[in-house]
Amino acid sequence: MMTKRAEIEFLDAVSVYFHHATAGLGPEVELYQNPEWGAKMREKAIRGMHYFDGVLRSQPYVAGNTFSMADIAVTGGMIFAALVNLAVPDECRALKAWYAKIQSRPSYQQWQAMVEAGRPAAAASSQDRA
């Protein structure tokens, strides 16, 4: 339930905002854009941030007391929002604190290292040991 909510209320909304209210992937790919729809989806994404902030004020993870697929879906939304310069509102302190906790996880750090290096994390690890 919370995974689907994360997808619909946050991740998908950021995606639609990107494709309709920004340059998206460029005119060769973005054949039709509806900026008004994109702006509405930006608002929806921000409402989603506020919703998950409220959830995370009373529990450590999106779906309860343990890390789950719902956390991964919200993490995807956070990453995508950052890529399209959609800032998390300052008042979403619980969401920001949760995301800092997620970013400290080894799996997230491995992914981030892979992205920064421009190569798969396993290859980065084996080359670092050499």
# chains A, B, ... in the order shown; residues from 1 in each chain; ligands from 1
$ residues_around --residues "Met2 in chain A" --least-positions-apart "2" --cutoff "8 Å" --atoms "only C-alpha atoms" --output "MDAnalysis selection string"
chainID A and resid 4:6 62:63 70
$ residues_around --residues "range 9-20 of chain A" --least-positions-apart "6" --cutoff "7 Å" --atoms "only C-alpha atoms" --output "NGL selection string"
:A and (33-35 or 37-39 or 41-42 or 44-45 or 48-49 or 74 or 76-77 or 80-81 or 84)
$ closest_residue --among "A:Leu86, A:Met69, A:Ile79, A:Gly64" --to "Gln112 in chain A" --atoms "only C-alpha atoms"
A:Ile79
$ select_by_dssp --residues "range 10-70 of chain A" --states "helix (DSSP H, G or I)" --output "ChimeraX atom specification"
/A:10-21,35-56,69-70
$ residues_around --residues "range 96-98 of chain A" --least-positions-apart "4" --cutoff "8 Å" --atoms "only C-alpha atoms" --output "PyMOL selection string"
chain A and resi 56+60-61+88+92+102
$ atom_distance --atom1 "CA of Arg57 in chain A" --atom2 "CA of Glu91 in chain A"
11.8 Å
$ atom_distance --atom1 "CA of Gly118 in chain A" --atom2 "CA of Arg105 in chain A"
20.0 Å
